[in-house]
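Q: Next comes the structure file data04.pdb, holding PDB, C-alpha atoms.
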```pdb
ATOM      1  CA  MET F   1       0.000   0.000   0.000  1.00  0.00           C
ATOM      2  CA  GLU F   2       2.799   2.402   0.845  1.00  0.00           C
ATOM      3  CA  ASN F   3       4.333   1.921  -2.622  1.00  0.00           C
ATOM      4  CA  LYS F   4       1.024   2.943  -4.236  1.00  0.00           C
ATOM      5  CA  ASP F   5       0.882   6.003  -1.994  1.00  0.00           C
ATOM      6  CA  PHE F   6       4.448   6.876  -2.963  1.00  0.00           C
ATOM      7  CA  GLU F   7       3.609   6.544  -6.678  1.00  0.00           C
ATOM      8  CA  GLU F   8       0.685   8.926  -6.194  1.00  0.00           C
ATOM      9  CA  PHE F   9       2.961  11.328  -4.294  1.00  0.00           C
ATOM     10  CA  LEU F  10       5.503  11.207  -7.145  1.00  0.00           C
ATOM     11  CA  SER F  11       2.818  11.880  -9.741  1.00  0.00           C
ATOM     12  CA  LYS F  12       2.190  15.253  -8.109  1.00  0.00           C
ATOM     13  CA  LYS F  13       5.872  16.233  -8.264  1.00  0.00           C
ATOM     14  CA  THR F  14       7.742  17.350 -11.374  1.00  0.00           C
ATOM     15  CA  CYS F  15      11.349  16.879 -12.378  1.00  0.00           C
ATOM     16  CA  ARG F  16      13.435  20.026 -12.665  1.00  0.00           C
ATOM     17  CA  GLY F  17      16.297  18.324 -14.536  1.00  0.00           C
ATOM     18  CA  CYS F  18      15.390  19.790 -17.928  1.00  0.00           C
ATOM     19  CA  PHE F  19      12.809  21.928 -19.656  1.00  0.00           C
ATOM     20  CA  ASN F  20      10.281  19.077 -20.009  1.00  0.00           C
ATOM     21  CA  HIS F  21       9.344  19.047 -16.288  1.00  0.00           C
ATOM     22  CA  CYS F  22       8.098  15.450 -16.459  1.00  0.00           C
ATOM     23  CA  PRO F  23       6.109  14.007 -13.568  1.00  0.00           C
ATOM     24  CA  LEU F  24       8.449  12.071 -11.303  1.00  0.00           C
ATOM     25  CA  ASP F  25       6.369   8.905 -11.593  1.00  0.00           C
ATOM     26  CA  ASN F  26       7.138   8.830 -15.349  1.00  0.00           C
ATOM     27  CA  PRO F  27      10.467  10.616 -15.963  1.00  0.00           C
ATOM     28  CA  ASN F  28      12.083  10.741 -19.397  1.00  0.00           C
ATOM     29  CA  CYS F  29      15.703  11.269 -18.363  1.00  0.00           C
ATOM     30  CA  ASN F  30      18.250  10.107 -15.815  1.00  0.00           C
ATOM     31  CA  ARG F  31      18.478  13.538 -14.210  1.00  0.00           C
ATOM     32  CA  SER F  32      15.248  12.790 -12.382  1.00  0.00           C
ATOM     33  CA  LYS F  33      16.968  10.303 -10.040  1.00  0.00           C
ATOM     34  CA  ILE F  34      18.105  13.040  -7.635  1.00  0.00           C
ATOM     35  CA  PHE F  35      14.625  14.571  -7.530  1.00  0.00           C
ATOM     36  CA  ILE F  36      13.027  11.159  -6.944  1.00  0.00           C
ATOM     37  CA  LYS F  37      15.467  10.562  -4.094  1.00  0.00           C
ATOM     38  CA  ASP F  38      14.550  13.930  -2.560  1.00  0.00           C
ATOM     39  CA  ALA F  39      10.836  13.168  -2.985  1.00  0.00           C
ATOM     40  CA  LYS F  40      11.289   9.770  -1.307  1.00  0.00           C
ATOM     41  CA  GLU F  41      12.964  11.411   1.688  1.00  0.00           C
ATOM     42  CA  GLU F  42      10.146  13.971   1.886  1.00  0.00           C
ATOM     43  CA  PHE F  43       7.514  11.208   1.607  1.00  0.00           C
ATOM     44  CA  GLU F  44       9.171   9.155   4.363  1.00  0.00           C
ATOM     45  CA  LYS F  45       9.331  12.205   6.617  1.00  0.00           C
ATOM     46  CA  LEU F  46       5.659  12.995   6.004  1.00  0.00           C
ATOM     47  CA  SER F  47       4.688   9.346   6.542  1.00  0.00           C
ATOM     48  CA  GLY F  48       6.597   9.297   9.795  1.00  0.00           C
ATOM     49  CA  ASP F  49       4.833  12.442  10.985  1.00  0.00           C
ATOM     50  CA  ILE F  50       1.407  10.887  10.325  1.00  0.00           C
ATOM     51  CA  LYS F  51       2.057   7.687  12.285  1.00  0.00           C
TER      52      LYS F  51
END
```
Would it be possible to restate this file's structure as structure tokens?

A:
Amino acid sequence: MENKDFEEFLSKKTCRGCFNHCPLDNPNCNRSKIFIKDAKEEFEKLSGDIK
């Protein structure tokens, strides 16, 4: 369930690695990896605050 929640969270975030600004749940370049990592840390922090 948490993975599905994370996918939904990523879909609301955009990559800032290039001018395309792809959603992080469907990136089109490797530059998105750093932004996905940051989003995962943010998601884990938010999840921890809820519990």

Q: With a distance cut-off of 10 Å and all atoms listed in the file, select the neighbouring residues of stretch 12-21 of chain F, excluding the residue or stretch itself and same-chain residues fewer than 5 positions from it, and output the selection as an MDAnalysis selection string.

A: chainID F and resid 7 26:36 39

Q: Work out how far apart atom CA of F:Lys4 and atom CA of F:Asp49 are and give it in Å to one decimal.

A: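 Between atom CA of F:Lys4 and atom CA of F:Asp49 the gap works out to 18.3 Å.
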
Q: Report as a PyMOL selection string the residues that result from applying the PyMOL selection byres ((chain F and resi 40) around 12) to the structure here.

A: chain F and resi 2-3+5-10+13+24-25+33-39+41-47

Q: Could you take the residues named above and write them with C-alpha atoms, as a PDB file, keeping the file's coordinate frame?

A:
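File written: part_31.pdb
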```pdb
ATOM      1  CA  GLU F   2       2.799   2.402   0.845  1.00  0.00           C
ATOM      2  CA  ASN F   3       4.333   1.921  -2.622  1.00  0.00           C
ATOM      3  CA  ASP F   5       0.882   6.003  -1.994  1.00  0.00           C
ATOM      4  CA  PHE F   6       4.448   6.876  -2.963  1.00  0.00           C
ATOM      5  CA  GLU F   7       3.609   6.544  -6.678  1.00  0.00           C
ATOM      6  CA  GLU F   8       0.685   8.926  -6.194  1.00  0.00           C
ATOM      7  CA  PHE F   9       2.961  11.328  -4.294  1.00  0.00           C
ATOM      8  CA  LEU F  10       5.503  11.207  -7.145  1.00  0.00           C
ATOM      9  CA  LYS F  13       5.872  16.233  -8.264  1.00  0.00           C
ATOM     10  CA  LEU F  24       8.449  12.071 -11.303  1.00  0.00           C
ATOM     11  CA  ASP F  25       6.369   8.905 -11.593  1.00  0.00           C
ATOM     12  CA  LYS F  33      16.968  10.303 -10.040  1.00  0.00           C
ATOM     13  CA  ILE F  34      18.105  13.040  -7.635  1.00  0.00           C
ATOM     14  CA  PHE F  35      14.625  14.571  -7.530  1.00  0.00           C
ATOM     15  CA  ILE F  36      13.027  11.159  -6.944  1.00  0.00           C
ATOM     16  CA  LYS F  37      15.467  10.562  -4.094  1.00  0.00           C
ATOM     17  CA  ASP F  38      14.550  13.930  -2.560  1.00  0.00           C
ATOM     18  CA  ALA F  39      10.836  13.168  -2.985  1.00  0.00           C
ATOM     19  CA  GLU F  41      12.964  11.411   1.688  1.00  0.00           C
ATOM     20  CA  GLU F  42      10.146  13.971   1.886  1.00  0.00           C
ATOM     21  CA  PHE F  43       7.514  11.208   1.607  1.00  0.00           C
ATOM     22  CA  GLU F  44       9.171   9.155   4.363  1.00  0.00           C
ATOM     23  CA  LYS F  45       9.331  12.205   6.617  1.00  0.00           C
ATOM     24  CA  LEU F  46       5.659  12.995   6.004  1.00  0.00           C
ATOM     25  CA  SER F  47       4.688   9.346   6.542  1.00  0.00           C
TER      26      SER F  47
END
```

Q: Step by step, gather every atom of stretch 11-14 of chain F that the file lists, find the box along x, y and z that holds them, add 4 Å on each side, and finally give centre and edge lengths in Å to one decimal, as AutoDock Vina command-line options.

A:
```
--center_x 5.0 --center_y 14.6 --center_z -9.7 --size_x 13.6 --size_y 13.5 --size_z 11.3
```
